[in-house]
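Peer 1: mmCIF, N, CA, C and O atoms, file upload.cif:
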data_structure
loop_
_atom_site.label_atom_id
_atom_site.label_comp_id
_atom_site.auth_asym_id
_atom_site.auth_seq_id
_atom_site.Cartn_x
_atom_site.Cartn_y
_atom_site.Cartn_z
N MET K 1 18.33 -24.48 -28.69
CA MET K 1 18.84 -23.59 -27.67
C MET K 1 17.97 -22.34 -27.54
O MET K 1 17.72 -21.87 -26.46
N PHE K 2 17.48 -21.83 -28.65
CA PHE K 2 16.63 -20.64 -28.62
C PHE K 2 15.31 -20.94 -27.90
O PHE K 2 14.82 -20.12 -27.15
N LYS K 3 14.75 -22.12 -28.12
CA LYS K 3 13.49 -22.47 -27.48
C LYS K 3 13.64 -22.56 -25.97
O LYS K 3 12.77 -22.16 -25.22
N ILE K 4 14.76 -23.04 -25.51
CA ILE K 4 14.99 -23.15 -24.07
C ILE K 4 15.06 -21.76 -23.45
O ILE K 4 14.46 -21.49 -22.42
N ASN K 5 15.76 -20.84 -24.10
CA ASN K 5 15.86 -19.48 -23.57
C ASN K 5 14.50 -18.80 -23.56
O ASN K 5 14.16 -18.09 -22.63
N LEU K 6 13.70 -19.02 -24.60
CA LEU K 6 12.38 -18.43 -24.68
C LEU K 6 11.48 -19.00 -23.58
O LEU K 6 10.75 -18.26 -22.92
N GLU K 7 11.56 -20.30 -23.36
CA GLU K 7 10.75 -20.93 -22.31
C GLU K 7 11.20 -20.46 -20.93
O GLU K 7 10.37 -20.22 -20.05
N GLN K 8 12.49 -20.30 -20.75
CA GLN K 8 12.98 -19.82 -19.46
C GLN K 8 12.54 -18.38 -19.21
O GLN K 8 12.18 -18.02 -18.09
N ARG K 9 12.54 -17.57 -20.25
CA ARG K 9 12.08 -16.19 -20.11
C ARG K 9 10.61 -16.15 -19.73
O ARG K 9 10.19 -15.37 -18.88
N LYS K 10 9.79 -16.97 -20.39
CA LYS K 10 8.36 -17.01 -20.08
C LYS K 10 8.14 -17.44 -18.64
O LYS K 10 7.29 -16.90 -17.93
N GLU K 11 8.92 -18.41 -18.19
CA GLU K 11 8.79 -18.89 -16.81
C GLU K 11 9.19 -17.80 -15.81
O GLU K 11 8.52 -17.60 -14.80
N LYS K 12 10.24 -17.06 -16.11
CA LYS K 12 10.66 -15.97 -15.23
C LYS K 12 9.60 -14.89 -15.15
O LYS K 12 9.33 -14.33 -14.09
N ILE K 13 9.00 -14.58 -16.30
CA ILE K 13 7.95 -13.55 -16.32
C ILE K 13 6.77 -14.00 -15.48
O ILE K 13 6.20 -13.22 -14.71
N GLU K 14 6.36 -15.25 -15.60
CA GLU K 14 5.24 -15.77 -14.81
C GLU K 14 5.58 -15.73 -13.32
O GLU K 14 4.73 -15.39 -12.50
N ASN K 15 6.81 -16.06 -12.95
CA ASN K 15 7.20 -16.03 -11.55
C ASN K 15 7.17 -14.60 -11.01
O ASN K 15 6.74 -14.36 -9.89
N ARG K 16 7.61 -13.65 -11.81
CA ARG K 16 7.58 -12.25 -11.39
C ARG K 16 6.15 -11.77 -11.21
O ARG K 16 5.83 -11.07 -10.26
N ARG K 17 5.27 -12.15 -12.14
CA ARG K 17 3.87 -11.72 -12.05
C ARG K 17 3.22 -12.28 -10.79
O ARG K 17 2.50 -11.56 -10.09
N SER K 18 3.45 -13.55 -10.51
CA SER K 18 2.83 -14.12 -9.30
C SER K 18 3.42 -13.49 -8.05
O SER K 18 2.71 -13.28 -7.07
N SER K 19 4.70 -13.16 -8.07
CA SER K 19 5.32 -12.51 -6.93
C SER K 19 4.75 -11.10 -6.73
O SER K 19 4.46 -10.70 -5.61
N ILE K 20 4.58 -10.36 -7.81
CA ILE K 20 4.03 -9.01 -7.74
C ILE K 20 2.57 -9.06 -7.27
O ILE K 20 2.16 -8.25 -6.45
N ASN K 21 1.80 -10.03 -7.77
CA ASN K 21 0.40 -10.14 -7.35
C ASN K 21 0.30 -10.43 -5.86
O ASN K 21 -0.54 -9.87 -5.17
N GLY K 22 1.16 -11.30 -5.35
CA GLY K 22 1.16 -11.61 -3.93
C GLY K 22 1.51 -10.40 -3.09
O GLY K 22 0.90 -10.13 -2.05
N LYS K 23 2.50 -9.64 -3.54
CA LYS K 23 2.91 -8.44 -2.81
C LYS K 23 1.81 -7.38 -2.83
O LYS K 23 1.56 -6.70 -1.84
N LEU K 24 1.14 -7.24 -3.97
CA LEU K 24 0.07 -6.27 -4.10
C LEU K 24 -1.09 -6.62 -3.17
O LEU K 24 -1.63 -5.75 -2.48
N ILE K 25 -1.45 -7.89 -3.10
CA ILE K 25 -2.52 -8.32 -2.20
C ILE K 25 -2.13 -8.04 -0.75
O ILE K 25 -2.94 -7.56 0.04
N TYR K 26 -0.89 -8.31 -0.40
CA TYR K 26 -0.41 -8.07 0.97
C TYR K 26 -0.49 -6.58 1.31
O TYR K 26 -0.95 -6.21 2.39
N VAL K 27 -0.04 -5.72 0.39
CA VAL K 27 -0.04 -4.28 0.65
C VAL K 27 -1.48 -3.77 0.79
O VAL K 27 -1.79 -3.01 1.71
N LEU K 28 -2.37 -4.19 -0.11
CA LEU K 28 -3.76 -3.74 -0.03
C LEU K 28 -4.42 -4.21 1.27
O LEU K 28 -5.13 -3.45 1.92
N PHE K 29 -4.17 -5.46 1.65
CA PHE K 29 -4.72 -5.97 2.90
C PHE K 29 -4.20 -5.17 4.08
O PHE K 29 -4.95 -4.81 4.98
N SER K 30 -2.91 -4.88 4.08
CA SER K 30 -2.31 -4.12 5.18
C SER K 30 -2.90 -2.72 5.29
O SER K 30 -3.17 -2.23 6.39
N ILE K 31 -3.10 -2.08 4.16
CA ILE K 31 -3.65 -0.72 4.16
C ILE K 31 -5.08 -0.72 4.69
O ILE K 31 -5.43 0.05 5.58
N PHE K 32 -5.92 -1.59 4.14
CA PHE K 32 -7.33 -1.57 4.54
C PHE K 32 -7.54 -2.12 5.94
O PHE K 32 -8.47 -1.72 6.63
N TYR K 33 -6.70 -3.03 6.37
CA TYR K 33 -6.83 -3.55 7.73
C TYR K 33 -6.44 -2.50 8.76
O TYR K 33 -7.06 -2.39 9.80
N SER K 34 -5.45 -1.70 8.45
CA SER K 34 -4.98 -0.70 9.40
C SER K 34 -5.92 0.50 9.50
O SER K 34 -5.82 1.28 10.44
N LEU K 35 -6.84 0.67 8.56
CA LEU K 35 -7.75 1.81 8.62
C LEU K 35 -8.77 1.67 9.74
O LEU K 35 -9.42 2.64 10.10
N GLN K 36 -8.92 0.48 10.31
CA GLN K 36 -9.88 0.27 11.38
C GLN K 36 -9.33 0.63 12.75
O GLN K 36 -10.01 0.52 13.74
N ILE K 37 -8.09 1.03 12.82
CA ILE K 37 -7.45 1.33 14.09
C ILE K 37 -7.87 2.72 14.56
O ILE K 37 -7.89 3.67 13.78
N ASN K 38 -8.22 2.84 15.83
CA ASN K 38 -8.54 4.14 16.41
C ASN K 38 -7.26 4.75 16.98
O ASN K 38 -6.55 4.11 17.74
N ALA K 39 -6.98 5.98 16.59
CA ALA K 39 -5.74 6.61 17.02
C ALA K 39 -6.07 7.93 17.72
O ALA K 39 -6.89 8.71 17.23
N GLN K 40 -5.45 8.13 18.87
CA GLN K 40 -5.62 9.39 19.58
C GLN K 40 -4.37 9.67 20.40
O GLN K 40 -3.75 8.74 20.92
N CYS K 41 -4.06 10.93 20.52
CA CYS K 41 -3.00 11.29 21.46
C CYS K 41 -3.61 11.33 22.86
O CYS K 41 -4.83 11.36 23.02
N ALA K 42 -2.78 11.35 23.86
CA ALA K 42 -3.26 11.31 25.24
C ALA K 42 -4.11 12.54 25.59
O ALA K 42 -5.13 12.43 26.28
N MET K 43 -3.72 13.69 25.10
CA MET K 43 -4.45 14.92 25.43
C MET K 43 -5.84 14.94 24.77
O MET K 43 -6.82 15.32 25.41
N CYS K 44 -5.91 14.52 23.52
CA CYS K 44 -7.20 14.48 22.83
C CYS K 44 -8.13 13.49 23.52
O CYS K 44 -9.32 13.76 23.71
N ARG K 45 -7.59 12.35 23.88
CA ARG K 45 -8.40 11.31 24.53
C ARG K 45 -8.95 11.81 25.87
O ARG K 45 -10.12 11.63 26.19
N ALA K 46 -8.09 12.45 26.65
CA ALA K 46 -8.53 12.94 27.97
C ALA K 46 -9.61 14.00 27.84
O ALA K 46 -10.61 13.99 28.57
N SER K 47 -9.46 14.91 26.91
CA SER K 47 -10.45 15.98 26.76
C SER K 47 -11.78 15.46 26.22
O SER K 47 -12.84 15.92 26.60
N LEU K 48 -11.72 14.47 25.35
CA LEU K 48 -12.95 13.94 24.78
C LEU K 48 -13.67 12.99 25.75
O LEU K 48 -14.89 12.92 25.75
N GLU K 49 -12.93 12.28 26.57
CA GLU K 49 -13.58 11.38 27.54
C GLU K 49 -14.27 12.17 28.64
O GLU K 49 -15.28 11.73 29.18
N SER K 50 -13.76 13.32 28.97
CA SER K 50 -14.37 14.11 30.04
C SER K 50 -15.71 14.70 29.61
O SER K 50 -16.57 14.92 30.44
N GLU K 51 -15.88 14.95 28.33
CA GLU K 51 -17.14 15.53 27.84
C GLU K 51 -18.24 14.48 27.73
O GLU K 51 -19.41 14.80 27.87
N GLY K 52 -17.91 13.26 27.40
CA GLY K 52 -18.92 12.21 27.24
C GLY K 52 -19.62 12.24 25.89
O GLY K 52 -20.62 11.57 25.69
N ASN K 53 -19.13 13.00 24.94
CA ASN K 53 -19.72 13.09 23.61
C ASN K 53 -19.02 12.09 22.69
O ASN K 53 -17.91 12.33 22.23
N THR K 54 -19.65 10.95 22.41
CA THR K 54 -19.00 9.90 21.61
C THR K 54 -18.92 10.27 20.14
O THR K 54 -17.99 9.86 19.47
N THR K 55 -19.87 11.04 19.64
CA THR K 55 -19.81 11.42 18.22
C THR K 55 -18.60 12.30 17.95
O THR K 55 -17.94 12.15 16.93
N LYS K 56 -18.33 13.18 18.87
CA LYS K 56 -17.17 14.06 18.72
C LYS K 56 -15.87 13.25 18.80
O LYS K 56 -14.93 13.50 18.05
N ALA K 57 -15.84 12.27 19.69
CA ALA K 57 -14.65 11.42 19.82
C ALA K 57 -14.41 10.61 18.55
O ALA K 57 -13.27 10.48 18.09
N GLU K 58 -15.47 10.08 17.96
CA GLU K 58 -15.34 9.32 16.71
C GLU K 58 -14.86 10.23 15.57
O GLU K 58 -14.07 9.82 14.73
N ALA K 59 -15.35 11.46 15.55
CA ALA K 59 -14.94 12.41 14.51
C ALA K 59 -13.45 12.74 14.64
O ALA K 59 -12.73 12.83 13.65
N VAL K 60 -12.99 12.89 15.88
CA VAL K 60 -11.56 13.16 16.10
C VAL K 60 -10.73 11.95 15.65
O VAL K 60 -9.69 12.10 15.01
N ASN K 61 -11.18 10.75 15.99
CA ASN K 61 -10.47 9.54 15.56
C ASN K 61 -10.39 9.46 14.04
O ASN K 61 -9.33 9.15 13.48
N ASP K 62 -11.49 9.73 13.36
CA ASP K 62 -11.49 9.68 11.90
C ASP K 62 -10.55 10.73 11.30
O ASP K 62 -9.85 10.47 10.33
N GLY K 63 -10.53 11.91 11.90
CA GLY K 63 -9.63 12.96 11.42
C GLY K 63 -8.17 12.59 11.58
O GLY K 63 -7.35 12.84 10.70
N ILE K 64 -7.85 11.96 12.70
CA ILE K 64 -6.46 11.56 12.94
C ILE K 64 -6.04 10.49 11.95
O ILE K 64 -4.94 10.54 11.38
N VAL K 65 -6.91 9.52 11.71
CA VAL K 65 -6.60 8.46 10.74
C VAL K 65 -6.45 9.05 9.34
O VAL K 65 -5.55 8.69 8.58
N TYR K 66 -7.31 9.98 8.98
CA TYR K 66 -7.24 10.64 7.68
C TYR K 66 -5.90 11.36 7.51
O TYR K 66 -5.24 11.24 6.48
N LEU K 67 -5.49 12.09 8.52
CA LEU K 67 -4.22 12.80 8.45
C LEU K 67 -3.03 11.84 8.42
O LEU K 67 -1.99 12.15 7.84
N MET K 68 -3.19 10.68 9.02
CA MET K 68 -2.11 9.70 9.04
C MET K 68 -1.95 9.01 7.68
O MET K 68 -0.84 8.69 7.27
N VAL K 69 -3.04 8.82 6.95
CA VAL K 69 -3.00 8.07 5.69
C VAL K 69 -2.44 8.91 4.54
O VAL K 69 -1.78 8.37 3.64
N ILE K 70 -2.68 10.19 4.52
CA ILE K 70 -2.29 11.05 3.40
C ILE K 70 -0.80 10.95 3.05
O ILE K 70 -0.46 10.78 1.87
N PRO K 71 0.13 11.02 3.99
CA PRO K 71 1.55 10.90 3.61
C PRO K 71 1.89 9.56 2.96
O PRO K 71 2.68 9.50 2.02
N TYR K 72 1.26 8.48 3.43
CA TYR K 72 1.51 7.17 2.84
C TYR K 72 1.01 7.10 1.40
O TYR K 72 1.66 6.53 0.53
N VAL K 73 -0.13 7.70 1.14
CA VAL K 73 -0.68 7.71 -0.22
C VAL K 73 0.25 8.52 -1.13
O VAL K 73 0.55 8.09 -2.25
N LEU K 74 0.71 9.66 -0.66
CA LEU K 74 1.60 10.49 -1.48
C LEU K 74 2.92 9.77 -1.78
O LEU K 74 3.40 9.81 -2.92
N VAL K 75 3.50 9.12 -0.79
CA VAL K 75 4.74 8.38 -1.01
C VAL K 75 4.50 7.23 -1.98
O VAL K 75 5.33 6.96 -2.86
N GLY K 76 3.36 6.57 -1.87
CA GLY K 76 3.03 5.49 -2.79
C GLY K 76 2.89 5.98 -4.23
O GLY K 76 3.40 5.33 -5.16
N VAL K 77 2.24 7.11 -4.42
CA VAL K 77 2.08 7.66 -5.78
C VAL K 77 3.43 8.04 -6.36
O VAL K 77 3.73 7.74 -7.52
N VAL K 78 4.27 8.68 -5.57
CA VAL K 78 5.61 9.04 -6.05
C VAL K 78 6.40 7.78 -6.38
O VAL K 78 7.11 7.72 -7.39
N GLY K 79 6.28 6.75 -5.57
CA GLY K 79 6.98 5.50 -5.83
C GLY K 79 6.54 4.86 -7.14
O GLY K 79 7.37 4.36 -7.91
N VAL K 80 5.24 4.87 -7.42
CA VAL K 80 4.73 4.30 -8.66
C VAL K 80 5.23 5.09 -9.86
O VAL K 80 5.64 4.52 -10.88
N VAL K 81 5.23 6.41 -9.76
CA VAL K 81 5.70 7.26 -10.86
C VAL K 81 7.18 7.00 -11.13
O VAL K 81 7.60 6.85 -12.29
N VAL K 82 7.98 6.93 -10.08
CA VAL K 82 9.41 6.68 -10.25
C VAL K 82 9.64 5.30 -10.84
O VAL K 82 10.47 5.12 -11.74
N TYR K 83 8.89 4.30 -10.40
CA TYR K 83 9.02 2.94 -10.92
C TYR K 83 8.68 2.89 -12.41
O TYR K 83 9.38 2.27 -13.20
N ARG K 84 7.61 3.57 -12.79
CA ARG K 84 7.23 3.58 -14.22
C ARG K 84 8.27 4.30 -15.07
O ARG K 84 8.56 3.88 -16.18
N MET K 85 8.82 5.39 -14.56
CA MET K 85 9.86 6.10 -15.31
C MET K 85 11.10 5.22 -15.46
O MET K 85 11.72 5.18 -16.52
N TYR K 86 11.44 4.51 -14.40
CA TYR K 86 12.61 3.61 -14.43
C TYR K 86 12.38 2.45 -15.38
O TYR K 86 13.28 2.06 -16.12
N SER K 87 11.17 1.88 -15.39
CA SER K 87 10.91 0.72 -16.25
C SER K 87 10.79 1.14 -17.73
O SER K 87 11.05 0.32 -18.60
N LYS K 88 10.43 2.38 -18.01
CA LYS K 88 10.37 2.84 -19.41
C LYS K 88 11.76 2.98 -20.01
O LYS K 88 11.94 2.83 -21.21
N ARG K 89 12.75 3.28 -19.17
CA ARG K 89 14.12 3.42 -19.66
C ARG K 89 14.64 2.10 -20.20
O ARG K 89 15.36 2.06 -21.17
N LYS K 90 14.28 1.02 -19.55
CA LYS K 90 14.75 -0.29 -19.97
C LYS K 90 14.00 -0.69 -21.19
O LYS K 90 14.30 -1.07 -22.17
#
Can the structure from this file be put into structure tokens for me?

Peer 2:
Amino acid sequence: MFKINLEQRKEKIENRRSSINGKLIYVLFSIFYSLQINAQCAMCRASLESEGNTTKAEAVNDGIVYLMVIPYVLVGVVGVVVYRMYSKRK
């Protein structure tokens, strides 16, 4: 009976690991895939298109994406810290 419980525990651990690995790959893919998106508000786009300066437009796009990513990174870090604190209690 003890061997069955030990084998079942090992199987559950392996299933959790594969599930976590799949989720991690999905999250990383989602983050890096979304970084290629160009984002602009209507006013920024109109003012930059009228000038005809593409380098300036690309710089504005990069700045907007940078500002958009920072809150997600901070929430992710807080989530990892809370998860580790919670798992240490157990």

Peer 1: If you measure from atom CA of Tyr72 of chain K to atom O of Ile31 of chain K, what distance in Å do you get, rounded to one decimal?

Peer 2: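 Taking atom CA of Tyr72 of chain K and atom O of Ile31 of chain K, their separation equals 10.3 Å.
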
Peer 1: Report, in Å with one decimal, the straight-line distance from atom N of Gly22 of chain K to atom O of Lys10 of chain K.

Peer 2: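 That distance, rounded to one decimal, is 15.1 Å.
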
Peer 1: To one decimal place in Å, what is the distance between atom C of Val73 of chain K and atom CA of Asn61 of chain K?

Peer 2: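 Separating atom C of Val73 of chain K from atom CA of Asn61 of chain K is a distance of 19.9 Å.
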